[in-house]
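Take a look at the structure below.
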Amino acid sequence: MTLFWEALVWLFSPEQYVGEGSIPQRIGEHMVYTSLAVALAALVALPIGYFIGHTGRGQVWLVGATGAARALPSFGLILLLVLVLGVGQREIAAVIALVLLGIPPLLAGAYSGVHQISRDVVDAARAQGMTEWQILLRVEVPLSLPLLLGGLRAAVLQVVATATLIAYVGLGGLGYEIIQGIPLRRFDQTIGTAIVIALVALALDAALALATRFATPEGVRGGRLKDVRARDTSPGTAPVTH
Amino acid sequence: MISLRKTTGLVGLTLASALVLTGCAADGGDSDTVVVGSQAYYSNEIIAEIYSQALESAGYTVERQFQIGQRDAYLPELESGAVDVFPEYTGNLLQFYSPDTTATQADEVYAELAGALPEGLSVLAASPATDQDSYNVTAEFAAANGLVSLADLAGLDGLVLGGPLELEERPYGPAGLLETYGVTVGFSGTGDVTVDALLAGEITVANIYSADPRIAEFGLVTLQDPEGLFRASNVVPLVSSDRAEELAAILDPISAALTPKGLVALNLKSTKDQLSAAVIATQWLADNGF
């Protein structure tokens, strides 16, 4: 408990907020790598996820590949990529490792978001004469949003937590304070920074949870299709005009 | 290759607690059984394996509790008596128990260490072999600027010191360089890629452990430290006091035979030849007539 108290004292002392290596600077470094990695992961994962979800092709491949990618040890991967690409390219190495970490949840979100849509809905769209592209963009993508954003939340959470490791190869971020603090036995610094990482992760998750609410089409709020006709014709909603 | 010594941070703590838990359960306290521990650092494990095999030749049953992470994890195990023998380094161990120490020379450090250890722990005779912090530059940079000692760095502009992240705050870090030698450096926390960063020219001065085979492999120049900026850190067996006498009879000759060059050669067999600690230890014991 004393340690936790000391961590809070460290966290609230003004010198953590000015100059080289301040907490805001570390959060900034951390967020640059996190957002870049998630954006690139989305760029790779969404087209593939929608393709597999829409066509139903390559599902076995998807399950195998995402399972394997989830098992990759990020720390080993960062060091390996730095060795392969050279120390001058270590920013790229770190981003690649984080992108690989972010792809599986996004891919799963995009795929399962499209896959869970009732075939009746898709067939109805097709029967109305929509092209495959129209079905994808006007029906499948909007209806898949809740699950996709769930995947995005998982990806952001994993990447923001794992970005702690990039300090091992001299790229800064919040991990710097933790990795420096342990050998120096400055546990206030170590625990204080761990609290900051947890808060950053929670704040991002809360923001995305909010975004999920607003980004979901009205008809599928709560991830479920409403029976619109039933509501309109139900006696309870009809105004009584005696 | 990348040294695992500095990567033990978070991973090491977790791993250590798991290993330590099994260690507690397994210790029987039998007088013919010796529990030997090691850090999660390949070089330390080789030394621990040498101790273990020597003890086995002397008739002891050895229980190996290797790759226990950092001092925070394994020193309590030694203090509680769950581990009997551990290869340590005089300077770093003194730093742990007496963070404000100013001793830097080998004899000074050893003498102070004996007084700083908690009750129940003793160090046997120290080996001439050292594995301590050192500052290194590339051969080209040393030749171009006529560098032999750390003092020669004074007056050079644009120096960047690279090393593990905690070096920034260590007494021998940038502040110590300025105070002791009047050398001004920038700092870059290059962590596990320090040697690669030096070779790539991203940093000019690299903090590398003196027994690291890469110093010889890449022809790096270790700058001399006449003023004693770095604390001498000799290899030394840390043991339970009540077993110190019987263990000294076996381990003291080994410490005496292990030289600084010998330690680098041992490490090279691990990093270059990829031999296991057990094989390296067996070879070394045979080569040195044990």
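Numbering starts fresh at 1 for the residues of each chain in the structure tokens, the chains themselves are lettered A, B, ... in the order given, and ligands are numbered from 1 as they appear.
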
For chain A, work out the contacting residues on chain B at 7 Å, counting only C-alpha atoms, and write them as a VMD selection string. chain B and resid 9 165 to 166 189 to 193 196 to 197

List as a count of residues only the protein and nucleic acid residues near Arg26 of chain A, meaning an atom at most 8 Å away when only C-alpha atoms are counted, but skip any in the same chain fewer than 4 places from it. 7

Could you give me, as a PDB file with C-alpha atoms, in the first residue's frame, the residues within 8 Å of Leu78 of chain B, counting only C-alpha atoms and dropping anything in the same chain fewer than 6 positions from it?
```pdb
ATOM      1  CA  ASP B  84      22.929 -22.075  -1.104  1.00  0.00           C
ATOM      2  CA  VAL B  85      25.248 -20.840  -3.868  1.00  0.00           C
ATOM      3  CA  LEU B 121      25.177 -14.541   3.651  1.00  0.00           C
ATOM      4  CA  VAL B 239      26.847 -18.484  -0.299  1.00  0.00           C
ATOM      5  CA  SER B 240      24.954 -19.244   2.911  1.00  0.00           C
TER       6      SER B 240
END
```

May I have the residues within 9 Å of Ser149 of chain B as a PyMOL selection string, using only C-alpha atoms and disregarding those fewer than 5 positions away in the same chain? chain B and resi 222-226

Prev. selection, C-alpha atoms, output as a CSV table (one decimal), in the first residue's frame:
```csv
chain,number,residue,atom,x,y,z
B,222,THR,CA,37.2,-0.2,-24.4
B,223,LEU,CA,38.3,3.2,-22.9
B,224,GLN,CA,40.4,3.0,-19.8
B,225,ASP,CA,39.0,4.3,-16.6
B,226,PRO,CA,42.0,5.6,-14.5
```

For Phe187 of chain A, the closest of A:Tyr17, A:Tyr111, A:Trp10, A:Tyr33 counting only C-alpha atoms is A:Trp10

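Every protein or nucleic acid residue with an atom no more than 12 Å from Arg126 of chain A, counting only C-alpha atoms and leaving out same-chain residues fewer than 4 positions away, appears here: Arg119, Asp120, Val121, Val122, Met130, Thr131, Glu132, Trp133, Gln134, Ile135, Leu136, Arg138, Val139 and Glu140 of chain A.
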
Fewer than 6 positions away in the same chain doesn't count, so skip those; otherwise give me all residues within 12 Å of Ala42 of chain A, counting only C-alpha atoms, as a PyMOL selection string. chain A and resi 35-36+48-50+98-110+148-149+151-153+155-156

Tell me which protein, DNA and RNA residues are within 12 Å of Gln16 of chain A, counting only C-alpha atoms, leaving out same-chain ones fewer than 4 positions away, and put them as a PyMOL selection string. chain A and resi 7-12+20-27+177+189+192-193+196

Alpha helix (DSSP H) positions in segment 69-224 of chain B, given as a PyMOL selection string: chain B and resi 71-79+90-97+106-116+139-145+174-181+194-199+214-217

So that I have them on file, write out the residues from the current selection with C-alpha atoms, as a PDB file, in the first residue's frame.
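Output (again.pdb):
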```
ATOM      1  CA  ARG B  71      18.346  -9.521  -7.441  1.00  0.00           C
ATOM      2  CA  ASP B  72      14.982  -8.504  -6.049  1.00  0.00           C
ATOM      3  CA  ALA B  73      13.770 -11.982  -6.856  1.00  0.00           C
ATOM      4  CA  TYR B  74      16.692 -14.206  -5.925  1.00  0.00           C
ATOM      5  CA  LEU B  75      18.436 -12.508  -3.003  1.00  0.00           C
ATOM      6  CA  PRO B  76      15.481 -13.165  -0.645  1.00  0.00           C
ATOM      7  CA  GLU B  77      15.791 -16.840  -1.633  1.00  0.00           C
ATOM      8  CA  LEU B  78      19.443 -16.840  -0.557  1.00  0.00           C
ATOM      9  CA  GLU B  79      18.648 -14.960   2.643  1.00  0.00           C
ATOM     10  CA  THR B  90      31.089  -7.793  -6.264  1.00  0.00           C
ATOM     11  CA  GLY B  91      30.355  -4.253  -7.484  1.00  0.00           C
ATOM     12  CA  ASN B  92      26.751  -4.799  -8.540  1.00  0.00           C
ATOM     13  CA  LEU B  93      25.993  -6.757  -5.373  1.00  0.00           C
ATOM     14  CA  LEU B  94      27.483  -4.001  -3.217  1.00  0.00           C
ATOM     15  CA  GLN B  95      25.400  -1.461  -5.125  1.00  0.00           C
ATOM     16  CA  PHE B  96      22.281  -3.463  -4.231  1.00  0.00           C
ATOM     17  CA  TYR B  97      22.920  -3.669  -0.496  1.00  0.00           C
ATOM     18  CA  ALA B 106      38.319  -4.038  -6.580  1.00  0.00           C
ATOM     19  CA  ASP B 107      39.843  -4.471  -3.073  1.00  0.00           C
ATOM     20  CA  GLU B 108      37.806  -1.623  -1.637  1.00  0.00           C
ATOM     21  CA  VAL B 109      34.591  -3.021  -3.073  1.00  0.00           C
ATOM     22  CA  TYR B 110      35.274  -6.535  -1.796  1.00  0.00           C
ATOM     23  CA  ALA B 111      36.090  -5.309   1.705  1.00  0.00           C
ATOM     24  CA  GLU B 112      32.991  -3.134   1.886  1.00  0.00           C
ATOM     25  CA  LEU B 113      30.792  -5.889   0.467  1.00  0.00           C
ATOM     26  CA  ALA B 114      31.692  -8.280   3.295  1.00  0.00           C
ATOM     27  CA  GLY B 115      30.302  -5.727   5.763  1.00  0.00           C
ATOM     28  CA  ALA B 116      27.231  -4.848   3.709  1.00  0.00           C
ATOM     29  CA  ALA B 139      38.185   1.391 -33.573  1.00  0.00           C
ATOM     30  CA  GLU B 140      37.836   4.044 -36.306  1.00  0.00           C
ATOM     31  CA  PHE B 141      36.484   6.617 -33.877  1.00  0.00           C
ATOM     32  CA  ALA B 142      39.249   5.838 -31.368  1.00  0.00           C
ATOM     33  CA  ALA B 143      41.944   6.165 -34.048  1.00  0.00           C
ATOM     34  CA  ALA B 144      40.504   9.370 -35.518  1.00  0.00           C
ATOM     35  CA  ASN B 145      40.428  11.084 -32.136  1.00  0.00           C
ATOM     36  CA  PRO B 174      26.256  11.174 -18.167  1.00  0.00           C
ATOM     37  CA  ALA B 175      26.487  13.038 -14.840  1.00  0.00           C
ATOM     38  CA  GLY B 176      29.427  10.909 -13.652  1.00  0.00           C
ATOM     39  CA  LEU B 177      31.269  11.324 -16.940  1.00  0.00           C
ATOM     40  CA  LEU B 178      31.023  15.092 -16.607  1.00  0.00           C
ATOM     41  CA  GLU B 179      32.014  15.152 -12.949  1.00  0.00           C
ATOM     42  CA  THR B 180      34.915  12.698 -13.135  1.00  0.00           C
ATOM     43  CA  TYR B 181      36.358  13.369 -16.581  1.00  0.00           C
ATOM     44  CA  THR B 194      23.296  -0.711 -27.966  1.00  0.00           C
ATOM     45  CA  VAL B 195      26.086  -2.505 -29.844  1.00  0.00           C
ATOM     46  CA  ASP B 196      24.160  -2.336 -33.125  1.00  0.00           C
ATOM     47  CA  ALA B 197      23.498   1.377 -32.561  1.00  0.00           C
ATOM     48  CA  LEU B 198      27.241   1.981 -32.013  1.00  0.00           C
ATOM     49  CA  LEU B 199      28.163   0.093 -35.182  1.00  0.00           C
ATOM     50  CA  ARG B 214      31.137  -8.582 -29.073  1.00  0.00           C
ATOM     51  CA  ILE B 215      33.824  -6.135 -27.904  1.00  0.00           C
ATOM     52  CA  ALA B 216      36.445  -8.406 -29.475  1.00  0.00           C
ATOM     53  CA  GLU B 217      34.188  -9.587 -32.297  1.00  0.00           C
TER      54      GLU B 217
END
```

Tell me, which residues of segment 153-277 of chain B carry DSSP strand (DSSP E or B), written as a PDB file with C-alpha atoms, in the first residue's frame?
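Result saved to states_33.pdb:
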```pdb
ATOM      1  CA  VAL B 160      26.186  10.484 -27.640  1.00  0.00           C
ATOM      2  CA  LEU B 161      26.306   7.827 -24.948  1.00  0.00           C
ATOM      3  CA  GLY B 162      24.076   4.809 -25.496  1.00  0.00           C
ATOM      4  CA  GLY B 163      23.169   2.038 -23.119  1.00  0.00           C
ATOM      5  CA  GLY B 186      24.041  13.350 -24.817  1.00  0.00           C
ATOM      6  CA  PHE B 187      22.151  10.216 -23.830  1.00  0.00           C
ATOM      7  CA  SER B 188      20.258   7.697 -25.922  1.00  0.00           C
ATOM      8  CA  GLY B 189      18.486   4.784 -24.252  1.00  0.00           C
ATOM      9  CA  VAL B 205      30.033   5.768 -26.904  1.00  0.00           C
ATOM     10  CA  ALA B 206      28.418   2.482 -25.845  1.00  0.00           C
ATOM     11  CA  ASN B 207      27.977   1.011 -22.377  1.00  0.00           C
ATOM     12  CA  ILE B 208      28.771  -2.693 -22.777  1.00  0.00           C
ATOM     13  CA  TYR B 209      29.654  -5.290 -20.132  1.00  0.00           C
ATOM     14  CA  VAL B 221      37.965  -0.129 -28.087  1.00  0.00           C
ATOM     15  CA  THR B 222      37.214  -0.154 -24.366  1.00  0.00           C
ATOM     16  CA  GLN B 224      40.416   2.997 -19.835  1.00  0.00           C
ATOM     17  CA  ASN B 234      34.542  -9.318  -9.906  1.00  0.00           C
ATOM     18  CA  VAL B 235      32.858 -12.686 -10.178  1.00  0.00           C
ATOM     19  CA  VAL B 236      32.310 -14.045  -6.665  1.00  0.00           C
ATOM     20  CA  PRO B 237      30.305 -16.961  -5.202  1.00  0.00           C
ATOM     21  CA  LEU B 238      27.624 -15.707  -2.801  1.00  0.00           C
ATOM     22  CA  VAL B 239      26.847 -18.484  -0.299  1.00  0.00           C
ATOM     23  CA  SER B 240      24.954 -19.244   2.911  1.00  0.00           C
TER      24      SER B 240
END
```
